[in-house]
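A.B. asks: I am attaching a structure below and will ask some questions about it afterwards.
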Protein chains: 2
Amino acid sequence: MTELAAGTVNHQVRLAARPTGLPGPEVWQHTEEPVAEPGDGRFVVRVTHLSLDPAMRGWMNDARSYVPPVGIGEVFRALAGGEVVASRHPDFAVGDHVTGQFGAQEYVTSDGAGVQKVDVGAAPMSTHLSLLGMTGMTAYFGLFDVGAMAEGETVLVSGAAGAVGSVVGQLAKIRGGRAVGIAGGPEKCAMLVDELGFDAAIDYRAENVNKAVRAAAPDGVDIYFDNVGGEILDAALARLRMHARVVLCGAISQYNAEGRPVGPANYMSLLINRARMEGFLVFDYADRYPQAVAEMSGWLNEGKLRSAEDVVTGSIGDFGDTLLRLFRGANTGKLVLQIG
Amino acid sequence: MTELAAGTVNHQVRLAARPTGLPGPEVWQHTEEPVAEPGDGRFVVRVTHLSLDPAMRGWMNDARSYVPPVGIGEVFRALAGGEVVASRHPDFAVGDHVTGQFGAQEYVTSDGAGVQKVDVGAAPMSTHLSLLGMTGMTAYFGLFDVGAMAEGETVLVSGAAGAVGSVVGQLAKIRGGRAVGIAGGPEKCAMLVDELGFDAAIDYRAENVNKAVRAAAPDGVDIYFDNVGGEILDAALARLRMHARVVLCGAISQYNAEGRPVGPANYMSLLINRARMEGFLVFDYADRYPQAVAEMSGWLNEGKLRSAEDVVTGSIGDFGDTLLRLFRGANTGKLVLQIG
């Protein structure tokens, strides 16, 4: 093991208050504490990359969900990547690159539980957090397992220029389907078609989404992969084909809404079309991650799949401001905060 | 064959106009025409029982659905039972009892397509239209196939005192589950528990449904079989267990609503609980009806299953008024109009 530099300080971002609406600076508390040498069977990771995800908004609420909320005063939960800088663990050596749920802080001490080693020679750390991480796994199992996509089917995806959506459309093409993306603004739509190979893109800010979906998927939608909820979910429901599948991945349009969320008025389309709407959590597929990562890596190397990433360089103190990019529709692809 | 009595007249109920809201008398046109002797390969049925179903409201709308709307001026679509009174068909003899989509009229001429012979010695005609007909098939395949019910699961059903709902709860008990019904009024609720063997009943008119569902299903709901939509669907979504199934069978609270239907605000519970909401149409299971009818008949004979029926005796002219009982919550069990 290497010894930590004397006086190494860990800067942290903790949840100070539960927000109403968009999470502003009052939500965060910035703290620091010394980093101790690791004990037996433990190691210290210097965090270099933080994954910023829409689900983080839900973790701020004091509500029943698939994981407990982050407690007030706790370091905020975050997937991250980093480098081992001190170790008394037999399986993790100084210099190893790892990913795990390290939280919004510069250093973390770990016993290795839930930590994966990654090969930053094969793909950069940001890609291990996106295409080859939870983001890619979410797209893969959501489309192929929950959506049960078959060759030739039409896949409509919202939040299509986002982290998960940009992968879903590309996977639909790889599987021999038609990919239609919904995103906000002409730049994002151009990227979907010109860079990621989508068949069509709909700009929900400029177009009537109902009409645009009809035009882009004239025979209807076999799979709608929903990242946004709200009116766009309703527009998709109105165009389902028989035995269609609606894959519920997120509802970013609702996360910061005050008052009750809006339900999909067209849900009875599920009955008329013998269709189903299903939620899932990627963690349920953990035993199949290695197979999916191997397959995705292959497509990445063959140039069939691109990792759309929005890597912001800054300090840990920029965590809160950077996260807001997700809810303002300001980013494209996977949002990652690279530290320093 | 027997000859028809000279001058036999067929009284019919036709759709005169598409309703807004509840279908009043202005929706119906009453016509009559002579009944002709059947041609070769055809037979005449005197209709004795009409099945009255919530789905009829949807058939009045000029909207895309699983079947075309009934056209203005057409005899209104209805499942019915009757007796063959004249025949030149080799497989159907005078005196045979049959069910089929005969429409809201006193006589129909058929070539046998879609017509089933039934044994009125084994069960009365009203039961062939309910428990042993589409109603029972809807409950059976909805709960066991779409809902994929397993032994020991908690099944919540709305419209529980209605035709389909009353069967769903009983089937849940037969399969070894816990049955909780939601219905309107103390008489219906008492019937569910005292006569049909439900474990608990919730009176949505008198109780806070959210709290009542929590009390009746403290560990949550594995299957919610929805016949009503609206706020009750939302209450059920809020109490789903992990991997729950919401079976969409109907939405009677919405059928006569003017303006847009209300969507389920709590639909994101599907994501949190990795649950699914799925629509179905019983016709998709037609090749398995015989097996299901045999099984249901067995349970009926063993006294494990009761057919809850609301048989109204009247003339074909009472069709429209009788149908309104469904939308006013006035009936219990399967609503059948017995002619004459």
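By order in the structure tokens, chains are A, B, ...; within a chain, residues start at 1; ligands start at 1, following the order shown.
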Which of segment 56-91 of chain A counts as helix (DSSP H, G or I) under DSSP, as a PyMOL selection string please?

C.D. replies: chain A and resi 56-59

A.B. asks: Can I get the selection written as a PDB file, in the first residue's frame, with all heavy atoms?

C.D. replies:
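As a result, out.pdb now contains:
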ATOM      1  N   MET A  56     -31.820  10.803  -8.848  1.00  0.00           N
ATOM      2  CA  MET A  56     -31.365  11.502  -7.632  1.00  0.00           C
ATOM      3  C   MET A  56     -32.443  12.408  -7.052  1.00  0.00           C
ATOM      4  O   MET A  56     -32.513  12.599  -5.840  1.00  0.00           O
ATOM      5  CB  MET A  56     -30.103  12.315  -7.937  1.00  0.00           C
ATOM      6  CG  MET A  56     -28.887  11.419  -8.142  1.00  0.00           C
ATOM      7  SD  MET A  56     -27.454  12.353  -8.705  1.00  0.00           S
ATOM      8  CE  MET A  56     -26.128  11.204  -8.241  1.00  0.00           C
ATOM      9  N   ARG A  57     -33.283  12.959  -7.945  1.00  0.00           N
ATOM     10  CA  ARG A  57     -34.339  13.835  -7.442  1.00  0.00           C
ATOM     11  C   ARG A  57     -35.276  13.075  -6.504  1.00  0.00           C
ATOM     12  O   ARG A  57     -35.692  13.597  -5.466  1.00  0.00           O
ATOM     13  CB  ARG A  57     -35.117  14.456  -8.613  1.00  0.00           C
ATOM     14  CG  ARG A  57     -36.233  15.411  -8.193  1.00  0.00           C
ATOM     15  CD  ARG A  57     -35.690  16.618  -7.436  1.00  0.00           C
ATOM     16  NE  ARG A  57     -36.759  17.446  -6.888  1.00  0.00           N
ATOM     17  CZ  ARG A  57     -37.384  17.184  -5.749  1.00  0.00           C
ATOM     18  NH1 ARG A  57     -37.072  16.111  -5.043  1.00  0.00           N
ATOM     19  NH2 ARG A  57     -38.328  17.989  -5.303  1.00  0.00           N
ATOM     20  N   GLY A  58     -35.583  11.832  -6.866  1.00  0.00           N
ATOM     21  CA  GLY A  58     -36.458  11.020  -6.026  1.00  0.00           C
ATOM     22  C   GLY A  58     -35.837  10.689  -4.677  1.00  0.00           C
ATOM     23  O   GLY A  58     -36.538  10.627  -3.666  1.00  0.00           O
ATOM     24  N   TRP A  59     -34.522  10.509  -4.663  1.00  0.00           N
ATOM     25  CA  TRP A  59     -33.844  10.158  -3.400  1.00  0.00           C
ATOM     26  C   TRP A  59     -33.898  11.297  -2.391  1.00  0.00           C
ATOM     27  O   TRP A  59     -33.610  11.102  -1.208  1.00  0.00           O
ATOM     28  CB  TRP A  59     -32.379   9.786  -3.657  1.00  0.00           C
ATOM     29  CG  TRP A  59     -32.190   8.661  -4.635  1.00  0.00           C
ATOM     30  CD1 TRP A  59     -33.116   7.741  -5.025  1.00  0.00           C
ATOM     31  CD2 TRP A  59     -30.985   8.341  -5.348  1.00  0.00           C
ATOM     32  NE1 TRP A  59     -32.561   6.873  -5.940  1.00  0.00           N
ATOM     33  CE2 TRP A  59     -31.250   7.214  -6.155  1.00  0.00           C
ATOM     34  CE3 TRP A  59     -29.704   8.899  -5.382  1.00  0.00           C
ATOM     35  CZ2 TRP A  59     -30.302   6.642  -6.987  1.00  0.00           C
ATOM     36  CZ3 TRP A  59     -28.747   8.324  -6.209  1.00  0.00           C
ATOM     37  CH2 TRP A  59     -29.045   7.203  -7.006  1.00  0.00           C
TER      38      TRP A  59
END

A.B. asks: Give me, as a PDB file with N, CA and C atoms, in the first residue's frame, the contact residues of chain A against chain B at a cut-off of 8 Å, counting only C-alpha atoms.

C.D. replies:
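What follows is the written file result-v4.pdb:
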ATOM      1  N   SER A  65     -39.969   4.294  -1.732  1.00  0.00           N
ATOM      2  CA  SER A  65     -39.528   4.054  -3.100  1.00  0.00           C
ATOM      3  C   SER A  65     -38.708   2.776  -3.124  1.00  0.00           C
ATOM      4  N   TYR A  66     -38.001   2.553  -4.218  1.00  0.00           N
ATOM      5  CA  TYR A  66     -37.249   1.303  -4.343  1.00  0.00           C
ATOM      6  C   TYR A  66     -35.974   1.309  -3.506  1.00  0.00           C
ATOM      7  N   LEU A 248     -41.700   1.563 -18.387  1.00  0.00           N
ATOM      8  CA  LEU A 248     -41.589   2.737 -17.507  1.00  0.00           C
ATOM      9  C   LEU A 248     -40.202   2.776 -16.901  1.00  0.00           C
ATOM     10  N   CYS A 249     -39.436   3.768 -17.317  1.00  0.00           N
ATOM     11  CA  CYS A 249     -38.078   3.904 -16.798  1.00  0.00           C
ATOM     12  C   CYS A 249     -37.957   5.139 -15.918  1.00  0.00           C
ATOM     13  N   GLY A 250     -38.702   6.171 -16.245  1.00  0.00           N
ATOM     14  CA  GLY A 250     -38.626   7.404 -15.469  1.00  0.00           C
ATOM     15  C   GLY A 250     -39.761   8.326 -15.847  1.00  0.00           C
ATOM     16  N   ALA A 251     -39.805   9.477 -15.182  1.00  0.00           N
ATOM     17  CA  ALA A 251     -40.862  10.453 -15.432  1.00  0.00           C
ATOM     18  C   ALA A 251     -40.318  11.829 -15.092  1.00  0.00           C
ATOM     19  N   ARG A 260     -49.887  16.954  -6.996  1.00  0.00           N
ATOM     20  CA  ARG A 260     -49.975  15.576  -7.487  1.00  0.00           C
ATOM     21  C   ARG A 260     -49.453  15.448  -8.901  1.00  0.00           C
ATOM     22  N   PRO A 261     -48.791  14.343  -9.207  1.00  0.00           N
ATOM     23  CA  PRO A 261     -48.401  14.132 -10.599  1.00  0.00           C
ATOM     24  C   PRO A 261     -49.643  13.942 -11.480  1.00  0.00           C
ATOM     25  N   VAL A 262     -49.431  14.110 -12.765  1.00  0.00           N
ATOM     26  CA  VAL A 262     -50.524  13.938 -13.719  1.00  0.00           C
ATOM     27  C   VAL A 262     -50.487  12.513 -14.238  1.00  0.00           C
ATOM     28  N   GLY A 263     -51.603  11.823 -14.160  1.00  0.00           N
ATOM     29  CA  GLY A 263     -51.671  10.455 -14.662  1.00  0.00           C
ATOM     30  C   GLY A 263     -51.969  10.431 -16.143  1.00  0.00           C
ATOM     31  N   PRO A 264     -51.652   9.329 -16.793  1.00  0.00           N
ATOM     32  CA  PRO A 264     -51.878   9.210 -18.240  1.00  0.00           C
ATOM     33  C   PRO A 264     -53.355   8.979 -18.577  1.00  0.00           C
ATOM     34  N   ALA A 265     -53.991  10.016 -19.085  1.00  0.00           N
ATOM     35  CA  ALA A 265     -55.428   9.954 -19.376  1.00  0.00           C
ATOM     36  C   ALA A 265     -55.745   8.859 -20.401  1.00  0.00           C
ATOM     37  N   ASN A 266     -54.795   8.547 -21.265  1.00  0.00           N
ATOM     38  CA  ASN A 266     -55.054   7.563 -22.320  1.00  0.00           C
ATOM     39  C   ASN A 266     -54.708   6.134 -21.907  1.00  0.00           C
ATOM     40  N   TYR A 267     -54.678   5.860 -20.611  1.00  0.00           N
ATOM     41  CA  TYR A 267     -54.217   4.529 -20.187  1.00  0.00           C
ATOM     42  C   TYR A 267     -55.127   3.419 -20.688  1.00  0.00           C
ATOM     43  N   MET A 268     -56.395   3.738 -21.013  1.00  0.00           N
ATOM     44  CA  MET A 268     -57.281   2.677 -21.481  1.00  0.00           C
ATOM     45  C   MET A 268     -56.876   2.144 -22.859  1.00  0.00           C
ATOM     46  N   LEU A 270     -54.282   0.707 -23.208  1.00  0.00           N
ATOM     47  CA  LEU A 270     -53.699  -0.586 -22.829  1.00  0.00           C
ATOM     48  C   LEU A 270     -54.733  -1.692 -22.962  1.00  0.00           C
ATOM     49  N   LEU A 271     -55.983  -1.372 -22.653  1.00  0.00           N
ATOM     50  CA  LEU A 271     -57.032  -2.381 -22.752  1.00  0.00           C
ATOM     51  C   LEU A 271     -57.395  -2.623 -24.222  1.00  0.00           C
ATOM     52  N   ILE A 272     -57.649  -1.537 -24.909  1.00  0.00           N
ATOM     53  CA  ILE A 272     -58.080  -1.656 -26.314  1.00  0.00           C
ATOM     54  C   ILE A 272     -57.046  -2.433 -27.124  1.00  0.00           C
ATOM     55  N   ASN A 273     -55.785  -2.204 -26.821  1.00  0.00           N
ATOM     56  CA  ASN A 273     -54.716  -2.820 -27.612  1.00  0.00           C
ATOM     57  C   ASN A 273     -54.067  -4.022 -26.933  1.00  0.00           C
ATOM     58  N   ARG A 274     -54.712  -4.541 -25.870  1.00  0.00           N
ATOM     59  CA  ARG A 274     -54.125  -5.682 -25.141  1.00  0.00           C
ATOM     60  C   ARG A 274     -52.652  -5.400 -24.895  1.00  0.00           C
ATOM     61  N   ALA A 275     -52.368  -4.240 -24.398  1.00  0.00           N
ATOM     62  CA  ALA A 275     -50.986  -3.814 -24.209  1.00  0.00           C
ATOM     63  C   ALA A 275     -50.654  -3.796 -22.726  1.00  0.00           C
ATOM     64  N   ARG A 276     -49.371  -3.681 -22.419  1.00  0.00           N
ATOM     65  CA  ARG A 276     -49.001  -3.612 -21.014  1.00  0.00           C
ATOM     66  C   ARG A 276     -48.025  -2.470 -20.756  1.00  0.00           C
ATOM     67  N   MET A 277     -48.069  -1.970 -19.522  1.00  0.00           N
ATOM     68  CA  MET A 277     -47.174  -0.911 -19.069  1.00  0.00           C
ATOM     69  C   MET A 277     -46.483  -1.471 -17.840  1.00  0.00           C
ATOM     70  N   GLU A 278     -45.164  -1.437 -17.833  1.00  0.00           N
ATOM     71  CA  GLU A 278     -44.448  -2.163 -16.787  1.00  0.00           C
ATOM     72  C   GLU A 278     -43.249  -1.372 -16.292  1.00  0.00           C
ATOM     73  N   GLY A 279     -43.098  -1.343 -14.993  1.00  0.00           N
ATOM     74  CA  GLY A 279     -41.927  -0.724 -14.399  1.00  0.00           C
ATOM     75  C   GLY A 279     -40.857  -1.758 -14.120  1.00  0.00           C
ATOM     76  N   PHE A 280     -39.626  -1.300 -13.980  1.00  0.00           N
ATOM     77  CA  PHE A 280     -38.552  -2.244 -13.680  1.00  0.00           C
ATOM     78  C   PHE A 280     -37.431  -1.499 -12.989  1.00  0.00           C
ATOM     79  N   LEU A 281     -36.584  -2.231 -12.350  1.00  0.00           N
ATOM     80  CA  LEU A 281     -35.367  -1.657 -11.779  1.00  0.00           C
ATOM     81  C   LEU A 281     -34.207  -2.507 -12.243  1.00  0.00           C
TER      82      LEU A 281
END

A.B. asks: With only C-alpha atoms as the counted atoms, please give the residues lying no more than 7 Å from Ala308 of chain B, apart from itself and same-chain residues fewer than 6 positions off, as a list of chain:residue names.

C.D. replies: B:Ala163, B:Ser166, B:Gly333, B:Lys334

A.B. asks: Would you mind exporting N, CA and C atoms of the selected residues as a compact mmCIF listing (two decimals), in the first residue's frame?

C.D. replies:
# COMPACT_ATOMS: atom_id res chain seq x y z
N ALA B 163 -70.87 -8.26 -12.48
CA ALA B 163 -70.85 -9.56 -13.14
C ALA B 163 -69.46 -10.20 -13.07
N SER B 166 -67.67 -10.24 -9.23
CA SER B 166 -68.15 -11.24 -8.28
C SER B 166 -67.54 -12.61 -8.55
N GLY B 333 -74.35 -8.36 -9.59
CA GLY B 333 -74.12 -9.54 -10.41
C GLY B 333 -74.39 -9.26 -11.88
N LYS B 334 -74.54 -10.32 -12.60
CA LYS B 334 -74.71 -10.23 -14.04
C LYS B 334 -76.10 -9.72 -14.39

A.B. asks: Could you pull out the strand (DSSP E or B) residues of segment 293-338 of chain A, going by DSSP on the backbone, and write them as a list in words?

C.D. replies: Glu309, Asp310, Val311, Val312, Thr313, Gly314, Gly333, Lys334, Leu335, Val336, Leu337 and Gln338 of chain A

A.B. asks: At what distance in Å, to one decimal, does atom CA of Ala139 of chain A lie from atom CA of Asp119 of chain A?

C.D. replies: 21.4 Å

A.B. asks: For segment 121-125 of chain B, find every residue with an atom within 9 Å (counting only C-alpha atoms), except residues of its own chain fewer than 3 positions away, and show them as a list in words.

C.D. replies: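 Near neighbours after the sequence-gap exclusion: Thr48, His49, Gly81, Gly82, His97, Val98, Thr99, Val118, His128, Leu129, Ser130, Leu132, Ser297 and Asn301 of chain B.
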
A.B. asks: For Val27 of chain B, find every residue with an atom within 7 Å (counting only C-alpha atoms), except residues of its own chain fewer than 3 positions away, and show them as a PyMOL selection string.

C.D. replies: chain B and resi 15-19+23-24

A.B. asks: Could you please take those selected residues and save all heavy atoms as a tab-separated table (two decimals), in the first residue's frame?

C.D. replies:
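Writing done, so here's selection39.tsv:
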chain	number	residue	atom	x	y	z
B	15	LEU	N	-79.52	1.59	-32.71
B	15	LEU	CA	-78.85	2.80	-32.23
B	15	LEU	C	-79.28	3.96	-33.11
B	15	LEU	O	-79.06	3.96	-34.33
B	15	LEU	CB	-77.32	2.62	-32.27
B	15	LEU	CG	-76.50	3.75	-31.65
B	15	LEU	CD1	-76.72	3.83	-30.15
B	15	LEU	CD2	-75.02	3.57	-31.95
B	16	ALA	N	-79.91	4.97	-32.50
B	16	ALA	CA	-80.42	6.11	-33.26
B	16	ALA	C	-79.46	7.30	-33.23
B	16	ALA	O	-79.42	8.10	-34.16
B	16	ALA	CB	-81.77	6.55	-32.70
B	17	ALA	N	-78.68	7.40	-32.18
B	17	ALA	CA	-77.79	8.56	-32.03
B	17	ALA	C	-76.68	8.19	-31.06
B	17	ALA	O	-76.85	7.30	-30.22
B	17	ALA	CB	-78.58	9.75	-31.48
B	18	ARG	N	-75.55	8.86	-31.18
B	18	ARG	CA	-74.43	8.61	-30.26
B	18	ARG	C	-74.59	9.50	-29.03
B	18	ARG	O	-74.68	10.72	-29.16
B	18	ARG	CB	-73.10	8.88	-30.95
B	18	ARG	CG	-72.94	8.05	-32.23
B	18	ARG	CD	-71.50	7.80	-32.62
B	18	ARG	NE	-71.45	7.01	-33.85
B	18	ARG	CZ	-71.58	5.68	-33.90
B	18	ARG	NH1	-71.77	5.00	-32.79
B	18	ARG	NH2	-71.52	5.04	-35.05
B	19	PRO	N	-74.60	8.90	-27.85
B	19	PRO	CA	-74.86	9.70	-26.65
B	19	PRO	C	-73.65	10.50	-26.18
B	19	PRO	O	-72.51	10.17	-26.49
B	19	PRO	CB	-75.21	8.64	-25.60
B	19	PRO	CG	-74.51	7.41	-26.06
B	19	PRO	CD	-74.44	7.48	-27.56
B	23	PRO	N	-76.56	7.20	-21.67
B	23	PRO	CA	-77.41	7.00	-22.86
B	23	PRO	C	-78.90	7.01	-22.49
B	23	PRO	O	-79.41	6.06	-21.91
B	23	PRO	CB	-76.97	5.63	-23.38
B	23	PRO	CG	-76.36	4.93	-22.21
B	23	PRO	CD	-75.85	5.98	-21.26
B	24	GLY	N	-79.59	8.06	-22.83
B	24	GLY	CA	-81.02	8.19	-22.55
B	24	GLY	C	-81.87	7.62	-23.68
B	24	GLY	O	-81.35	7.04	-24.63

A.B. asks: Between B:Ala286, B:Val70, B:Val44, B:Val75, which has the minimum distance to His30 of chain B (counting only C-alpha atoms)?

C.D. replies: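 Smallest distance to His30 of chain B is found for B:Val75.
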
A.B. asks: Near segment 174-183 of chain B, within 7 Å and counting only C-alpha atoms, which residues show up once chain neighbours fewer than 6 positions away are dropped, as a PyMOL selection string?

C.D. replies: chain B and resi 151-161+189+198-204+216
